[in-house]
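A quick write-up on the structure given underneath.
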Amino acid sequence: MEIANGTLTADVIAALTYWPGAIWGGQKNPPDPVDLTVLPPFFNEVLHDLPWWNRDWKVSHVEPGLPLEVGSDHRGHPSRFTEVSVPGTVGSGGDESLPFVAKVGFAGDRLIRFQAKIDDVVLGPAVAPAGRLEPHPFARVLTGLMDLRGIPVKRMARETARSMSTIHMLRNGRHNPEPLLTQEISKVLGMPEADVRVIAGLDDGSTQ
């Protein structure tokens, strides 16, 4: 789900930046109340842009959000945008309802990214084009670690005794990082095996 470049109204921005549960530098404590009722229509509009979304389901209730990142240039460490987590409830108009939480990133009045979690299902931005399998998240990290260390695919393949096509598939996310392979990769990267297992999502004690 790729939702970006939308424009946020001043009322929505005020509701998204109302954080009575957080102490943040420069914000009045407690902050002046704002109208949170503008957020359910905003979330519903974003969700209704999804062609497969059932329009019978609507965000019916929200609570004040919590900041995950705040856009600023404080102390020379700029953050390009603000991201906030907003909990609430989604339902179909009957007795059935599910917990909902939205993660909204924006810069000024421009929507940067949007992720929704409904019950235990996450709806987030896609990396691959529509109709294509999403790459394994290890791919981006492995590519970055290899590039930072100047390790070409050919060397990684040689030192792990794997084919270059296997390493290419790992780097583009079409091959899952199984335990034995992460063990071999960790040696080439010069990193503890336990760290690479965690990065690969294998921190559950599984073994080859």
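In the structure tokens, chains take letters A, B, ... by order of appearance, with residues numbered from 1 within each chain and ligands from 1 in the order shown.
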Worksheet item: If we count only C-alpha atoms, what is near Pro152 (chain A) at a cut-off of 10 Å, once residues fewer than 3 positions away on the same chain are taken out, given as a PyMOL selection string?
Response: chain A and resi 143+146-147+149+155-157+164+167
Keeping only N, CA, C and O atoms, write the selected residues as a PDB file, in the first residue's frame.
ATOM      1  N   THR A 143      22.459  -6.017   1.786  1.00  0.00           N
ATOM      2  CA  THR A 143      23.032  -5.202   0.713  1.00  0.00           C
ATOM      3  C   THR A 143      23.808  -4.027   1.293  1.00  0.00           C
ATOM      4  O   THR A 143      24.934  -3.731   0.863  1.00  0.00           O
ATOM      5  N   MET A 146      27.093  -5.271   3.028  1.00  0.00           N
ATOM      6  CA  MET A 146      28.104  -5.653   2.038  1.00  0.00           C
ATOM      7  C   MET A 146      28.696  -4.424   1.360  1.00  0.00           C
ATOM      8  O   MET A 146      29.920  -4.322   1.179  1.00  0.00           O
ATOM      9  N   ASP A 147      27.848  -3.476   0.995  1.00  0.00           N
ATOM     10  CA  ASP A 147      28.327  -2.276   0.311  1.00  0.00           C
ATOM     11  C   ASP A 147      29.221  -1.434   1.221  1.00  0.00           C
ATOM     12  O   ASP A 147      30.247  -0.897   0.777  1.00  0.00           O
ATOM     13  N   ARG A 149      31.138  -2.465   3.522  1.00  0.00           N
ATOM     14  CA  ARG A 149      32.407  -3.160   3.711  1.00  0.00           C
ATOM     15  C   ARG A 149      33.149  -3.399   2.406  1.00  0.00           C
ATOM     16  O   ARG A 149      34.251  -3.964   2.413  1.00  0.00           O
ATOM     17  N   ARG A 155      32.837 -12.191  -4.102  1.00  0.00           N
ATOM     18  CA  ARG A 155      33.596 -12.580  -2.904  1.00  0.00           C
ATOM     19  C   ARG A 155      32.692 -13.253  -1.880  1.00  0.00           C
ATOM     20  O   ARG A 155      33.065 -14.266  -1.277  1.00  0.00           O
ATOM     21  N   MET A 156      31.494 -12.700  -1.672  1.00  0.00           N
ATOM     22  CA  MET A 156      30.566 -13.301  -0.715  1.00  0.00           C
ATOM     23  C   MET A 156      30.220 -14.719  -1.150  1.00  0.00           C
ATOM     24  O   MET A 156      30.146 -15.637  -0.308  1.00  0.00           O
ATOM     25  N   ALA A 157      30.006 -14.916  -2.439  1.00  0.00           N
ATOM     26  CA  ALA A 157      29.677 -16.249  -2.943  1.00  0.00           C
ATOM     27  C   ALA A 157      30.842 -17.217  -2.721  1.00  0.00           C
ATOM     28  O   ALA A 157      30.656 -18.356  -2.282  1.00  0.00           O
ATOM     29  N   MET A 164      26.810 -17.336  -7.048  1.00  0.00           N
ATOM     30  CA  MET A 164      26.550 -15.902  -7.119  1.00  0.00           C
ATOM     31  C   MET A 164      25.051 -15.634  -7.251  1.00  0.00           C
ATOM     32  O   MET A 164      24.555 -14.630  -6.728  1.00  0.00           O
ATOM     33  N   ILE A 167      23.520 -15.427  -3.810  1.00  0.00           N
ATOM     34  CA  ILE A 167      23.797 -14.148  -3.135  1.00  0.00           C
ATOM     35  C   ILE A 167      22.974 -13.033  -3.760  1.00  0.00           C
ATOM     36  O   ILE A 167      22.435 -12.166  -3.046  1.00  0.00           O
TER      37      ILE A 167
END
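Counting only C-alpha atoms and comparing A:Leu50, A:Arg171, A:Thr166, A:Arg158, the residue that lies closest to Gly144 (chain A) is A:Arg171.
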Item to complete: Would you mind telling me which residue in A:Val104, A:Phe81, A:Leu47, A:Thr89 lies nearest to Gly65 (chain A) when using only C-alpha atoms?
Response: A:Val104
Worksheet item: If we count only C-alpha atoms, what is near Lys58 (chain A) at a cut-off of 6 Å, once residues fewer than 6 positions away on the same chain are taken out, given as a list of chain:residue names?
Response: A:Asn44, A:Val90, A:Gly91
Worksheet item: Which polymer residues have any atom within 12 Å of an atom of Asp35 (chain A), counting only C-alpha atoms, with same-chain residues fewer than 2 positions away left out, as a PyMOL selection string?
Response: chain A and resi 10-18+32-33+37-40+62-64
Go ahead and save the picked residues with C-alpha atoms, as a PDB file, in the first residue's frame.
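Once written, part34.pdb looks like this:
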ATOM      1  CA  ALA A  10      -4.612  22.212   9.677  1.00  0.00           C
ATOM      2  CA  ASP A  11      -7.222  20.465  11.862  1.00  0.00           C
ATOM      3  CA  VAL A  12      -5.795  17.014  11.071  1.00  0.00           C
ATOM      4  CA  ILE A  13      -2.244  18.203  11.782  1.00  0.00           C
ATOM      5  CA  ALA A  14      -3.385  19.658  15.107  1.00  0.00           C
ATOM      6  CA  ALA A  15      -5.059  16.346  16.036  1.00  0.00           C
ATOM      7  CA  LEU A  16      -2.023  14.304  14.976  1.00  0.00           C
ATOM      8  CA  THR A  17       0.281  16.495  17.076  1.00  0.00           C
ATOM      9  CA  TYR A  18      -1.890  16.437  20.197  1.00  0.00           C
ATOM     10  CA  ASP A  32      -4.632  22.638  24.987  1.00  0.00           C
ATOM     11  CA  PRO A  33      -7.363  20.172  23.920  1.00  0.00           C
ATOM     12  CA  THR A  37     -13.102  13.827  15.659  1.00  0.00           C
ATOM     13  CA  VAL A  38     -11.384  14.999  12.458  1.00  0.00           C
ATOM     14  CA  LEU A  39      -9.143  11.909  12.473  1.00  0.00           C
ATOM     15  CA  PRO A  40     -11.671   9.084  11.803  1.00  0.00           C
ATOM     16  CA  VAL A  62      -9.445   7.313  18.028  1.00  0.00           C
ATOM     17  CA  GLU A  63      -7.382   8.322  21.031  1.00  0.00           C
ATOM     18  CA  PRO A  64      -4.569  10.861  21.323  1.00  0.00           C
TER      19      PRO A  64
END
